[in-house]
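File shown: target_11.cif (mmCIF, N, CA and C atoms).
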data_structure
#
loop_
_atom_site.label_atom_id
_atom_site.label_comp_id
_atom_site.auth_asym_id
_atom_site.auth_seq_id
_atom_site.Cartn_x
_atom_site.Cartn_y
_atom_site.Cartn_z
N MET A 27 -59.40 23.28 -31.64
CA MET A 27 -58.85 23.89 -30.44
C MET A 27 -57.80 22.94 -29.87
N THR A 28 -56.69 23.46 -29.46
CA THR A 28 -55.62 22.64 -28.90
C THR A 28 -55.39 23.01 -27.45
N LEU A 29 -54.85 22.06 -26.75
CA LEU A 29 -54.53 22.25 -25.33
C LEU A 29 -53.04 22.03 -25.17
N ASN A 30 -52.34 23.02 -24.71
CA ASN A 30 -50.91 22.91 -24.49
C ASN A 30 -50.67 22.78 -23.00
N ILE A 31 -50.41 21.54 -22.53
CA ILE A 31 -50.29 21.31 -21.09
C ILE A 31 -48.99 21.85 -20.51
N SER A 32 -48.02 22.11 -21.35
CA SER A 32 -46.76 22.60 -20.81
C SER A 32 -46.88 24.02 -20.26
N ASP A 33 -47.95 24.75 -20.66
CA ASP A 33 -48.12 26.12 -20.18
C ASP A 33 -49.04 26.21 -18.96
N LEU A 34 -49.67 25.11 -18.58
CA LEU A 34 -50.63 25.15 -17.49
C LEU A 34 -49.99 24.80 -16.16
N LEU A 35 -50.47 25.40 -15.11
CA LEU A 35 -50.01 25.10 -13.76
C LEU A 35 -51.22 24.90 -12.87
N ILE A 36 -51.11 23.97 -11.94
CA ILE A 36 -52.11 23.83 -10.90
C ILE A 36 -51.57 24.59 -9.70
N THR A 37 -52.32 25.55 -9.21
CA THR A 37 -51.87 26.37 -8.09
C THR A 37 -52.77 26.13 -6.90
N ILE A 38 -52.17 25.85 -5.77
CA ILE A 38 -52.90 25.63 -4.54
C ILE A 38 -52.53 26.75 -3.58
N ASP A 39 -53.51 27.50 -3.15
CA ASP A 39 -53.27 28.59 -2.21
C ASP A 39 -53.34 28.02 -0.80
N GLN A 40 -52.27 28.10 -0.06
CA GLN A 40 -52.22 27.55 1.29
C GLN A 40 -52.34 28.63 2.35
N SER A 41 -53.01 29.74 2.04
CA SER A 41 -53.08 30.86 2.98
C SER A 41 -53.84 30.50 4.25
N ASN A 42 -54.77 29.54 4.16
CA ASN A 42 -55.50 29.17 5.37
C ASN A 42 -54.67 28.27 6.29
N ILE A 43 -53.59 27.72 5.80
CA ILE A 43 -52.73 26.86 6.60
C ILE A 43 -51.60 27.67 7.22
N ASP A 44 -51.04 28.55 6.43
CA ASP A 44 -49.89 29.32 6.87
C ASP A 44 -50.23 30.81 6.80
N MET A 45 -49.89 31.55 7.82
CA MET A 45 -50.23 32.96 7.87
C MET A 45 -49.46 33.77 6.83
N THR A 46 -48.31 33.29 6.39
CA THR A 46 -47.55 33.98 5.35
C THR A 46 -47.99 33.41 4.01
N LYS A 47 -48.98 33.97 3.42
CA LYS A 47 -49.65 33.50 2.20
C LYS A 47 -48.64 32.95 1.18
N THR A 48 -48.47 31.64 1.20
CA THR A 48 -47.56 30.99 0.27
C THR A 48 -48.37 30.26 -0.79
N GLN A 49 -47.76 30.01 -1.93
CA GLN A 49 -48.41 29.28 -2.99
C GLN A 49 -47.51 28.14 -3.42
N LEU A 50 -48.16 27.01 -3.74
CA LEU A 50 -47.46 25.84 -4.22
C LEU A 50 -47.93 25.59 -5.64
N SER A 51 -47.04 25.64 -6.59
CA SER A 51 -47.40 25.40 -7.98
C SER A 51 -46.78 24.10 -8.45
N ILE A 52 -47.61 23.26 -9.02
CA ILE A 52 -47.16 21.97 -9.53
C ILE A 52 -47.61 21.90 -10.99
N SER A 53 -46.69 21.64 -11.87
CA SER A 53 -47.06 21.59 -13.29
C SER A 53 -47.89 20.33 -13.56
N LEU A 54 -48.70 20.41 -14.59
CA LEU A 54 -49.51 19.26 -14.99
C LEU A 54 -48.62 18.10 -15.39
N ARG A 55 -47.50 18.39 -16.03
CA ARG A 55 -46.61 17.32 -16.46
C ARG A 55 -46.14 16.51 -15.24
N GLU A 56 -45.85 17.19 -14.12
CA GLU A 56 -45.45 16.49 -12.90
C GLU A 56 -46.58 15.62 -12.37
N ARG A 57 -47.80 16.14 -12.40
CA ARG A 57 -48.96 15.36 -11.97
C ARG A 57 -49.16 14.15 -12.88
N PHE A 58 -49.04 14.38 -14.20
CA PHE A 58 -49.22 13.28 -15.15
C PHE A 58 -48.15 12.22 -14.94
N ASP A 59 -46.92 12.63 -14.67
CA ASP A 59 -45.84 11.68 -14.42
C ASP A 59 -46.13 10.87 -13.15
N GLU A 60 -46.69 11.52 -12.14
CA GLU A 60 -47.04 10.82 -10.90
C GLU A 60 -48.14 9.79 -11.15
N ILE A 61 -49.15 10.16 -11.91
CA ILE A 61 -50.24 9.22 -12.24
C ILE A 61 -49.67 8.03 -13.02
N LYS A 62 -48.80 8.33 -13.99
CA LYS A 62 -48.18 7.25 -14.78
C LYS A 62 -47.37 6.31 -13.89
N ARG A 63 -46.62 6.88 -12.97
CA ARG A 63 -45.77 6.06 -12.08
C ARG A 63 -46.62 5.17 -11.18
N VAL A 64 -47.63 5.74 -10.54
CA VAL A 64 -48.44 5.01 -9.57
C VAL A 64 -49.22 3.87 -10.23
N PHE A 65 -49.77 4.12 -11.43
CA PHE A 65 -50.59 3.11 -12.09
C PHE A 65 -49.85 2.37 -13.20
N SER A 66 -48.54 2.58 -13.32
CA SER A 66 -47.72 1.92 -14.35
C SER A 66 -48.31 2.12 -15.75
N LEU A 67 -48.61 3.37 -16.08
CA LEU A 67 -49.24 3.69 -17.35
C LEU A 67 -48.22 4.16 -18.38
N THR A 68 -48.50 3.86 -19.63
CA THR A 68 -47.74 4.46 -20.72
C THR A 68 -48.37 5.81 -21.03
N GLU A 69 -47.75 6.57 -21.91
CA GLU A 69 -48.29 7.87 -22.30
C GLU A 69 -49.67 7.69 -22.97
N LYS A 70 -49.79 6.66 -23.79
CA LYS A 70 -51.06 6.39 -24.47
C LYS A 70 -52.15 6.00 -23.47
N GLU A 71 -51.80 5.17 -22.49
CA GLU A 71 -52.77 4.77 -21.46
C GLU A 71 -53.18 5.95 -20.58
N LEU A 72 -52.23 6.84 -20.30
CA LEU A 72 -52.57 8.05 -19.55
C LEU A 72 -53.58 8.89 -20.31
N ALA A 73 -53.40 8.99 -21.62
CA ALA A 73 -54.36 9.72 -22.46
C ALA A 73 -55.74 9.08 -22.35
N GLU A 74 -55.81 7.75 -22.32
CA GLU A 74 -57.10 7.05 -22.16
C GLU A 74 -57.73 7.39 -20.81
N VAL A 75 -56.93 7.36 -19.76
CA VAL A 75 -57.43 7.64 -18.41
C VAL A 75 -57.95 9.07 -18.30
N LEU A 76 -57.28 10.00 -18.96
CA LEU A 76 -57.70 11.39 -18.92
C LEU A 76 -58.77 11.70 -19.96
N LEU A 77 -59.23 10.66 -20.64
CA LEU A 77 -60.27 10.76 -21.67
C LEU A 77 -59.86 11.66 -22.82
N LEU A 78 -58.62 11.52 -23.23
CA LEU A 78 -58.12 12.25 -24.39
C LEU A 78 -58.16 11.34 -25.60
N ASP A 79 -58.49 11.88 -26.76
CA ASP A 79 -58.58 11.09 -27.98
C ASP A 79 -57.22 10.67 -28.51
N SER A 80 -56.29 11.57 -28.44
CA SER A 80 -55.01 11.37 -29.10
C SER A 80 -53.94 10.90 -28.13
N GLN A 81 -52.94 10.22 -28.68
CA GLN A 81 -51.79 9.83 -27.87
C GLN A 81 -50.92 11.06 -27.57
N ASP A 82 -50.99 12.05 -28.44
CA ASP A 82 -50.20 13.26 -28.25
C ASP A 82 -50.82 14.10 -27.14
N MET A 83 -50.18 14.16 -25.98
CA MET A 83 -50.72 14.86 -24.83
C MET A 83 -50.63 16.38 -24.95
N LEU A 84 -49.89 16.88 -25.91
CA LEU A 84 -49.73 18.33 -26.01
C LEU A 84 -50.85 18.99 -26.81
N THR A 85 -51.40 18.29 -27.78
CA THR A 85 -52.50 18.85 -28.57
C THR A 85 -53.56 17.79 -28.71
N SER A 86 -54.56 17.83 -27.86
CA SER A 86 -55.58 16.79 -27.84
C SER A 86 -56.95 17.38 -27.62
N ARG A 87 -57.95 16.58 -27.94
CA ARG A 87 -59.34 16.93 -27.63
C ARG A 87 -59.87 15.89 -26.66
N THR A 88 -60.77 16.29 -25.81
CA THR A 88 -61.34 15.34 -24.87
C THR A 88 -62.51 14.62 -25.49
N LYS A 89 -62.88 13.45 -24.92
CA LYS A 89 -64.02 12.69 -25.39
C LYS A 89 -65.34 13.28 -24.91
N TRP A 90 -65.27 14.32 -24.11
CA TRP A 90 -66.50 14.87 -23.52
C TRP A 90 -67.43 15.36 -24.62
N ASP A 91 -66.92 16.11 -25.56
CA ASP A 91 -67.69 16.57 -26.71
C ASP A 91 -66.71 17.05 -27.76
N SER A 92 -67.23 17.64 -28.83
CA SER A 92 -66.34 18.02 -29.93
C SER A 92 -65.41 19.17 -29.56
N GLN A 93 -65.79 20.00 -28.61
CA GLN A 93 -64.92 21.09 -28.18
C GLN A 93 -64.42 20.80 -26.78
N ILE A 94 -63.20 21.19 -26.52
CA ILE A 94 -62.61 20.92 -25.22
C ILE A 94 -63.30 21.77 -24.15
N SER A 95 -63.62 21.15 -23.06
CA SER A 95 -64.21 21.85 -21.94
C SER A 95 -63.16 21.91 -20.84
N ALA A 96 -62.67 23.10 -20.57
CA ALA A 96 -61.60 23.26 -19.59
C ALA A 96 -62.05 22.78 -18.21
N LYS A 97 -63.30 23.07 -17.83
CA LYS A 97 -63.79 22.65 -16.52
C LYS A 97 -63.87 21.13 -16.44
N ALA A 98 -64.40 20.49 -17.46
CA ALA A 98 -64.50 19.03 -17.46
C ALA A 98 -63.11 18.39 -17.41
N PHE A 99 -62.17 18.98 -18.14
CA PHE A 99 -60.81 18.44 -18.16
C PHE A 99 -60.15 18.60 -16.80
N THR A 100 -60.27 19.78 -16.19
CA THR A 100 -59.65 19.98 -14.88
C THR A 100 -60.34 19.14 -13.81
N ASP A 101 -61.66 18.95 -13.92
CA ASP A 101 -62.36 18.07 -12.99
C ASP A 101 -61.85 16.65 -13.11
N ARG A 102 -61.62 16.20 -14.34
CA ARG A 102 -61.11 14.84 -14.56
C ARG A 102 -59.70 14.70 -13.98
N ILE A 103 -58.86 15.68 -14.23
CA ILE A 103 -57.50 15.63 -13.68
C ILE A 103 -57.56 15.58 -12.15
N PHE A 104 -58.39 16.43 -11.56
CA PHE A 104 -58.52 16.45 -10.10
C PHE A 104 -58.97 15.09 -9.58
N SER A 105 -59.98 14.49 -10.22
CA SER A 105 -60.49 13.18 -9.78
C SER A 105 -59.42 12.11 -9.86
N VAL A 106 -58.66 12.11 -10.94
CA VAL A 106 -57.61 11.10 -11.11
C VAL A 106 -56.47 11.34 -10.12
N VAL A 107 -56.13 12.59 -9.85
CA VAL A 107 -55.06 12.90 -8.88
C VAL A 107 -55.48 12.45 -7.49
N VAL A 108 -56.72 12.73 -7.09
CA VAL A 108 -57.22 12.29 -5.78
C VAL A 108 -57.20 10.78 -5.69
N LEU A 109 -57.65 10.10 -6.74
CA LEU A 109 -57.63 8.64 -6.77
C LEU A 109 -56.20 8.11 -6.68
N THR A 110 -55.28 8.78 -7.35
CA THR A 110 -53.87 8.38 -7.30
C THR A 110 -53.32 8.49 -5.88
N MET A 111 -53.66 9.58 -5.19
CA MET A 111 -53.18 9.75 -3.81
C MET A 111 -53.80 8.69 -2.90
N ASP A 112 -55.09 8.37 -3.09
CA ASP A 112 -55.73 7.33 -2.30
C ASP A 112 -55.08 5.98 -2.56
N TRP A 113 -54.84 5.67 -3.82
CA TRP A 113 -54.23 4.40 -4.22
C TRP A 113 -52.87 4.25 -3.54
N GLU A 114 -52.09 5.32 -3.58
CA GLU A 114 -50.75 5.28 -2.99
C GLU A 114 -50.82 5.20 -1.47
N SER A 115 -51.80 5.87 -0.85
CA SER A 115 -51.91 5.83 0.61
C SER A 115 -52.26 4.43 1.11
N TYR A 116 -52.97 3.65 0.30
CA TYR A 116 -53.27 2.27 0.67
C TYR A 116 -52.10 1.34 0.40
N GLY A 117 -51.10 1.83 -0.31
CA GLY A 117 -49.92 1.02 -0.58
C GLY A 117 -50.11 0.00 -1.68
N TYR A 118 -51.10 0.22 -2.55
CA TYR A 118 -51.35 -0.71 -3.65
C TYR A 118 -50.28 -0.55 -4.72
N ASN A 119 -49.93 -1.66 -5.33
CA ASN A 119 -48.96 -1.66 -6.42
C ASN A 119 -49.62 -2.24 -7.65
N VAL A 120 -49.17 -1.80 -8.79
CA VAL A 120 -49.69 -2.34 -10.04
C VAL A 120 -48.53 -2.46 -11.03
N THR A 121 -48.54 -3.54 -11.77
CA THR A 121 -47.56 -3.73 -12.84
C THR A 121 -48.29 -3.55 -14.16
N ASN A 122 -47.53 -3.45 -15.23
CA ASN A 122 -48.17 -3.29 -16.53
C ASN A 122 -49.03 -4.51 -16.85
N PHE A 123 -48.60 -5.70 -16.40
CA PHE A 123 -49.38 -6.91 -16.63
C PHE A 123 -50.70 -6.86 -15.85
N SER A 124 -50.62 -6.53 -14.56
CA SER A 124 -51.84 -6.51 -13.74
C SER A 124 -52.78 -5.38 -14.12
N LEU A 125 -52.27 -4.35 -14.78
CA LEU A 125 -53.10 -3.25 -15.24
C LEU A 125 -54.13 -3.73 -16.26
N HIS A 126 -53.78 -4.76 -17.01
CA HIS A 126 -54.66 -5.28 -18.07
C HIS A 126 -55.38 -6.56 -17.66
N GLN A 127 -55.15 -7.04 -16.47
CA GLN A 127 -55.74 -8.28 -15.97
C GLN A 127 -57.19 -8.02 -15.53
N PRO A 128 -58.15 -8.89 -15.95
CA PRO A 128 -59.54 -8.71 -15.50
C PRO A 128 -59.63 -8.88 -13.98
N LEU A 129 -60.27 -7.90 -13.31
CA LEU A 129 -60.34 -7.91 -11.86
C LEU A 129 -61.77 -7.91 -11.33
N VAL A 130 -62.61 -7.06 -11.89
CA VAL A 130 -63.98 -6.90 -11.40
C VAL A 130 -64.93 -6.96 -12.59
N ASP A 131 -65.83 -7.93 -12.57
CA ASP A 131 -66.81 -8.10 -13.65
C ASP A 131 -66.15 -8.14 -15.02
N GLY A 132 -64.99 -8.77 -15.11
CA GLY A 132 -64.27 -8.90 -16.37
C GLY A 132 -63.57 -7.63 -16.82
N LYS A 133 -63.59 -6.58 -15.99
CA LYS A 133 -62.95 -5.32 -16.34
C LYS A 133 -61.57 -5.24 -15.71
N SER A 134 -60.64 -4.71 -16.48
CA SER A 134 -59.28 -4.50 -15.97
C SER A 134 -59.21 -3.16 -15.24
N LEU A 135 -58.13 -2.97 -14.53
CA LEU A 135 -57.91 -1.69 -13.85
C LEU A 135 -57.88 -0.55 -14.86
N LEU A 136 -57.24 -0.77 -16.00
CA LEU A 136 -57.17 0.27 -17.03
C LEU A 136 -58.57 0.63 -17.53
N SER A 137 -59.42 -0.36 -17.74
CA SER A 137 -60.76 -0.05 -18.23
C SER A 137 -61.58 0.68 -17.16
N LEU A 138 -61.37 0.35 -15.88
CA LEU A 138 -62.05 1.07 -14.80
C LEU A 138 -61.57 2.52 -14.72
N LEU A 139 -60.27 2.72 -14.91
CA LEU A 139 -59.71 4.07 -14.87
C LEU A 139 -60.12 4.90 -16.08
N SER A 140 -60.47 4.23 -17.17
CA SER A 140 -60.79 4.92 -18.42
C SER A 140 -62.28 5.21 -18.59
N GLU A 141 -63.10 4.80 -17.63
CA GLU A 141 -64.52 5.07 -17.73
C GLU A 141 -64.78 6.56 -17.54
N LYS A 142 -65.84 7.04 -18.19
CA LYS A 142 -66.14 8.47 -18.14
C LYS A 142 -66.43 8.91 -16.70
N LYS A 143 -67.15 8.10 -15.96
CA LYS A 143 -67.42 8.40 -14.54
C LYS A 143 -66.60 7.43 -13.71
N LEU A 144 -65.63 7.96 -12.98
CA LEU A 144 -64.77 7.12 -12.15
C LEU A 144 -65.53 6.62 -10.92
N ASP A 145 -65.40 5.34 -10.65
CA ASP A 145 -65.97 4.75 -9.44
C ASP A 145 -64.80 4.46 -8.50
N ASN A 146 -64.46 5.44 -7.66
CA ASN A 146 -63.29 5.33 -6.79
C ASN A 146 -63.34 4.09 -5.92
N SER A 147 -64.50 3.77 -5.37
CA SER A 147 -64.62 2.61 -4.49
C SER A 147 -64.30 1.32 -5.24
N LEU A 148 -64.81 1.19 -6.45
CA LEU A 148 -64.56 -0.01 -7.25
C LEU A 148 -63.09 -0.10 -7.66
N ILE A 149 -62.50 1.03 -7.99
CA ILE A 149 -61.09 1.04 -8.38
C ILE A 149 -60.21 0.69 -7.19
N LEU A 150 -60.52 1.24 -6.01
CA LEU A 150 -59.74 0.90 -4.82
C LEU A 150 -59.97 -0.55 -4.41
N PHE A 151 -61.18 -1.06 -4.62
CA PHE A 151 -61.45 -2.47 -4.37
C PHE A 151 -60.59 -3.35 -5.28
N SER A 152 -60.45 -2.94 -6.54
CA SER A 152 -59.61 -3.71 -7.46
C SER A 152 -58.15 -3.67 -7.02
N GLY A 153 -57.73 -2.56 -6.41
CA GLY A 153 -56.37 -2.50 -5.87
C GLY A 153 -56.18 -3.48 -4.72
N CYS A 154 -57.21 -3.60 -3.89
CA CYS A 154 -57.18 -4.57 -2.79
C CYS A 154 -57.11 -5.98 -3.36
N ARG A 155 -57.90 -6.23 -4.39
CA ARG A 155 -57.90 -7.55 -5.03
C ARG A 155 -56.53 -7.87 -5.63
N LEU A 156 -55.90 -6.87 -6.26
CA LEU A 156 -54.55 -7.07 -6.81
C LEU A 156 -53.57 -7.42 -5.70
N THR A 157 -53.70 -6.75 -4.57
CA THR A 157 -52.82 -7.01 -3.44
C THR A 157 -53.00 -8.44 -2.94
N LEU A 158 -54.25 -8.88 -2.83
CA LEU A 158 -54.53 -10.24 -2.37
C LEU A 158 -54.03 -11.27 -3.37
N LEU A 159 -54.19 -11.00 -4.66
CA LEU A 159 -53.69 -11.93 -5.67
C LEU A 159 -52.18 -12.03 -5.62
N GLY A 160 -51.52 -10.91 -5.36
CA GLY A 160 -50.06 -10.89 -5.26
C GLY A 160 -49.56 -11.56 -4.00
N ALA A 161 -50.38 -11.54 -2.93
CA ALA A 161 -49.97 -12.15 -1.66
C ALA A 161 -49.84 -13.66 -1.80
N GLY A 162 -50.62 -14.26 -2.68
CA GLY A 162 -50.54 -15.70 -2.89
C GLY A 162 -49.24 -16.14 -3.52
N GLU A 163 -48.56 -15.22 -4.18
CA GLU A 163 -47.30 -15.54 -4.85
C GLU A 163 -46.11 -15.46 -3.89
N THR A 164 -46.30 -14.82 -2.75
CA THR A 164 -45.20 -14.65 -1.81
C THR A 164 -44.97 -15.95 -1.05
N VAL A 165 -43.76 -16.42 -1.06
CA VAL A 165 -43.39 -17.63 -0.32
C VAL A 165 -42.81 -17.20 1.03
N LEU A 166 -43.48 -17.64 2.08
CA LEU A 166 -43.01 -17.30 3.41
C LEU A 166 -42.04 -18.36 3.91
N LYS A 167 -41.04 -17.91 4.64
CA LYS A 167 -40.06 -18.83 5.21
C LYS A 167 -40.69 -19.52 6.41
N ASP A 168 -40.44 -20.80 6.56
CA ASP A 168 -40.96 -21.57 7.66
C ASP A 168 -40.27 -21.09 8.94
N PRO A 169 -41.02 -20.54 9.91
CA PRO A 169 -40.38 -20.02 11.14
C PRO A 169 -39.83 -21.11 12.05
N PHE A 170 -40.23 -22.37 11.81
CA PHE A 170 -39.80 -23.46 12.69
C PHE A 170 -38.64 -24.27 12.11
N SER A 171 -38.14 -23.85 10.96
CA SER A 171 -37.05 -24.64 10.38
C SER A 171 -35.71 -24.11 10.80
#

Produce structure tokens that represent the structure in this file.
Amino acid sequence: MTLNISDLLITIDQSNIDMTKTQLSISLRERFDEIKRVFSLTEKELAEVLLLDSQDMLTSRTKWDSQISAKAFTDRIFSVVVLTMDWESYGYNVTNFSLHQPLVDGKSLLSLLSEKKLDNSLILFSGCRLTLLGAGETVLKDPFS
């Protein structure tokens, strides 16, 4: 069984917000690009985060079981998108180097993102740790000079 992500759309009905029933459609490719940008992921690393076996994002099987489960896949995408929005709202930054750096119990951010069950609190904690590690590199100007 293959999954063609170019044909899928995530649709959010905003009828409870606006009286003129409008719909906002965002393609999965746009969501995937946003996740890649926020976490500095390559296409292969994005496949790992989404628990896909193959580097080819257009025809892949999930690690959940031998057959693709649409609900499990959409749940995973939703979880990663929510985590991405939280990560960005905290203003955390990640580079490709820091993505592979051990942060919590010897695990890198990529390995935390690639676990079957995402631990949002631990991942956001690692973002805080990355921020603190990066703060030590900043040289502040002496205000009295």

### Summary
One residue among A:Ala98, A:Phe58, A:Gly160, A:Ile149 is nearest to Leu72 (chain A) when using only N, CA and C atoms, and that residue is A:Phe58

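If only N, CA and C atoms are the atoms counted, then among A:Leu158, A:Ser53, A:Leu136, A:Phe65 the closest residue to Thr110 (chain A) is A:Phe65.
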
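Between atom C of Asn146 (chain A) and atom C of Thr100 (chain A) there is a distance of 17.3 Å.
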
#### Entry: d(CA of Leu125 (chain A), atom N of Leu150 (chain A)) in Å
12.7 Å

### Query
Around (-44.2, -2.6, -14.3) in the file's frame, which residues reach within 8 Å when counting all atoms listed in the file? Return as a ChimeraX atom specification?
/A:65-67,120-124

Dump N, CA and C atoms for the selected residues as a PDB file, in the frame of the given file?
ATOM      1  N   PHE A  65     -49.770   4.120 -11.430  1.00  0.00           N
ATOM      2  CA  PHE A  65     -50.590   3.110 -12.090  1.00  0.00           C
ATOM      3  C   PHE A  65     -49.850   2.370 -13.200  1.00  0.00           C
ATOM      4  N   SER A  66     -48.540   2.580 -13.320  1.00  0.00           N
ATOM      5  CA  SER A  66     -47.720   1.920 -14.350  1.00  0.00           C
ATOM      6  C   SER A  66     -48.310   2.120 -15.750  1.00  0.00           C
ATOM      7  N   LEU A  67     -48.610   3.370 -16.080  1.00  0.00           N
ATOM      8  CA  LEU A  67     -49.240   3.690 -17.350  1.00  0.00           C
ATOM      9  C   LEU A  67     -48.220   4.160 -18.380  1.00  0.00           C
ATOM     10  N   VAL A 120     -49.170  -1.800  -8.790  1.00  0.00           N
ATOM     11  CA  VAL A 120     -49.690  -2.340 -10.040  1.00  0.00           C
ATOM     12  C   VAL A 120     -48.530  -2.460 -11.030  1.00  0.00           C
ATOM     13  N   THR A 121     -48.540  -3.540 -11.770  1.00  0.00           N
ATOM     14  CA  THR A 121     -47.560  -3.730 -12.840  1.00  0.00           C
ATOM     15  C   THR A 121     -48.290  -3.550 -14.160  1.00  0.00           C
ATOM     16  N   ASN A 122     -47.530  -3.450 -15.230  1.00  0.00           N
ATOM     17  CA  ASN A 122     -48.170  -3.290 -16.530  1.00  0.00           C
ATOM     18  C   ASN A 122     -49.030  -4.510 -16.850  1.00  0.00           C
ATOM     19  N   PHE A 123     -48.600  -5.700 -16.400  1.00  0.00           N
ATOM     20  CA  PHE A 123     -49.380  -6.910 -16.630  1.00  0.00           C
ATOM     21  C   PHE A 123     -50.700  -6.860 -15.850  1.00  0.00           C
ATOM     22  N   SER A 124     -50.620  -6.530 -14.560  1.00  0.00           N
ATOM     23  CA  SER A 124     -51.840  -6.510 -13.740  1.00  0.00           C
ATOM     24  C   SER A 124     -52.780  -5.380 -14.120  1.00  0.00           C
TER      25      SER A 124
END

Residue by residue, what does the PyMOL selection byres (((chain A and resi 137 and name CA) around 10) and name CA) grab here? Present the result as a PDB file with N, CA and C atoms, in the coordinates of the input.
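Just written: expr18.pdb:
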ATOM      1  N   GLU A  71     -51.800   5.170 -22.490  1.00  0.00           N
ATOM      2  CA  GLU A  71     -52.770   4.770 -21.460  1.00  0.00           C
ATOM      3  C   GLU A  71     -53.180   5.950 -20.580  1.00  0.00           C
ATOM      4  N   GLU A  74     -55.810   7.750 -22.320  1.00  0.00           N
ATOM      5  CA  GLU A  74     -57.100   7.050 -22.160  1.00  0.00           C
ATOM      6  C   GLU A  74     -57.730   7.390 -20.810  1.00  0.00           C
ATOM      7  N   VAL A  75     -56.930   7.360 -19.760  1.00  0.00           N
ATOM      8  CA  VAL A  75     -57.430   7.640 -18.410  1.00  0.00           C
ATOM      9  C   VAL A  75     -57.950   9.070 -18.300  1.00  0.00           C
ATOM     10  N   LEU A 125     -52.270  -4.350 -14.780  1.00  0.00           N
ATOM     11  CA  LEU A 125     -53.100  -3.250 -15.240  1.00  0.00           C
ATOM     12  C   LEU A 125     -54.130  -3.730 -16.260  1.00  0.00           C
ATOM     13  N   HIS A 126     -53.780  -4.760 -17.010  1.00  0.00           N
ATOM     14  CA  HIS A 126     -54.660  -5.280 -18.070  1.00  0.00           C
ATOM     15  C   HIS A 126     -55.380  -6.560 -17.660  1.00  0.00           C
ATOM     16  N   GLN A 127     -55.150  -7.040 -16.470  1.00  0.00           N
ATOM     17  CA  GLN A 127     -55.740  -8.280 -15.970  1.00  0.00           C
ATOM     18  C   GLN A 127     -57.190  -8.020 -15.530  1.00  0.00           C
ATOM     19  N   PRO A 128     -58.150  -8.890 -15.950  1.00  0.00           N
ATOM     20  CA  PRO A 128     -59.540  -8.710 -15.500  1.00  0.00           C
ATOM     21  C   PRO A 128     -59.630  -8.880 -13.980  1.00  0.00           C
ATOM     22  N   GLY A 132     -64.990  -8.770 -15.110  1.00  0.00           N
ATOM     23  CA  GLY A 132     -64.270  -8.900 -16.370  1.00  0.00           C
ATOM     24  C   GLY A 132     -63.570  -7.630 -16.820  1.00  0.00           C
ATOM     25  N   LYS A 133     -63.590  -6.580 -15.990  1.00  0.00           N
ATOM     26  CA  LYS A 133     -62.950  -5.320 -16.340  1.00  0.00           C
ATOM     27  C   LYS A 133     -61.570  -5.240 -15.710  1.00  0.00           C
ATOM     28  N   SER A 134     -60.640  -4.710 -16.480  1.00  0.00           N
ATOM     29  CA  SER A 134     -59.280  -4.500 -15.970  1.00  0.00           C
ATOM     30  C   SER A 134     -59.210  -3.160 -15.240  1.00  0.00           C
ATOM     31  N   LEU A 135     -58.130  -2.970 -14.530  1.00  0.00           N
ATOM     32  CA  LEU A 135     -57.910  -1.690 -13.850  1.00  0.00           C
ATOM     33  C   LEU A 135     -57.880  -0.550 -14.860  1.00  0.00           C
ATOM     34  N   LEU A 136     -57.240  -0.770 -16.000  1.00  0.00           N
ATOM     35  CA  LEU A 136     -57.170   0.270 -17.030  1.00  0.00           C
ATOM     36  C   LEU A 136     -58.570   0.630 -17.530  1.00  0.00           C
ATOM     37  N   LEU A 138     -61.370   0.350 -15.880  1.00  0.00           N
ATOM     38  CA  LEU A 138     -62.050   1.070 -14.800  1.00  0.00           C
ATOM     39  C   LEU A 138     -61.570   2.520 -14.720  1.00  0.00           C
ATOM     40  N   LEU A 139     -60.270   2.720 -14.910  1.00  0.00           N
ATOM     41  CA  LEU A 139     -59.710   4.070 -14.870  1.00  0.00           C
ATOM     42  C   LEU A 139     -60.120   4.900 -16.080  1.00  0.00           C
ATOM     43  N   SER A 140     -60.470   4.230 -17.170  1.00  0.00           N
ATOM     44  CA  SER A 140     -60.790   4.920 -18.420  1.00  0.00           C
ATOM     45  C   SER A 140     -62.280   5.210 -18.590  1.00  0.00           C
ATOM     46  N   GLU A 141     -63.100   4.800 -17.630  1.00  0.00           N
ATOM     47  CA  GLU A 141     -64.520   5.070 -17.730  1.00  0.00           C
ATOM     48  C   GLU A 141     -64.780   6.560 -17.540  1.00  0.00           C
ATOM     49  N   ILE A 149     -62.500   1.030  -7.990  1.00  0.00           N
ATOM     50  CA  ILE A 149     -61.090   1.040  -8.380  1.00  0.00           C
ATOM     51  C   ILE A 149     -60.210   0.690  -7.190  1.00  0.00           C
TER      52      ILE A 149
END

#### Entry: Spatial neighbours of Val106 (chain A), max dist 7 Å, only N, CA and C atoms, sep filter under 5 positions, as a PyMOL selection string
chain A and resi 61+101+111

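Separating atom N of Ile103 (chain A) from atom C of Glu56 (chain A) is a distance of 12.4 Å.
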
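Residue nearest Asn119 (chain A), chosen from A:Ser105, A:Thr157, A:Phe99, A:Lys167 and counting all atoms listed in the file: A:Thr157.
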
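Comparing the minimum interatomic distances between Leu156 (chain A) and each of A:Thr68, A:Phe104, A:Tyr118, A:Asp59, counting only C-alpha atoms, we find that A:Tyr118 sits nearest.
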
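Considering the residues A:Trp113, A:Asp168, A:Lys142, A:Val107 and counting all atoms listed in the file, Leu77 (chain A) has its shortest atom-to-atom contact with A:Lys142.
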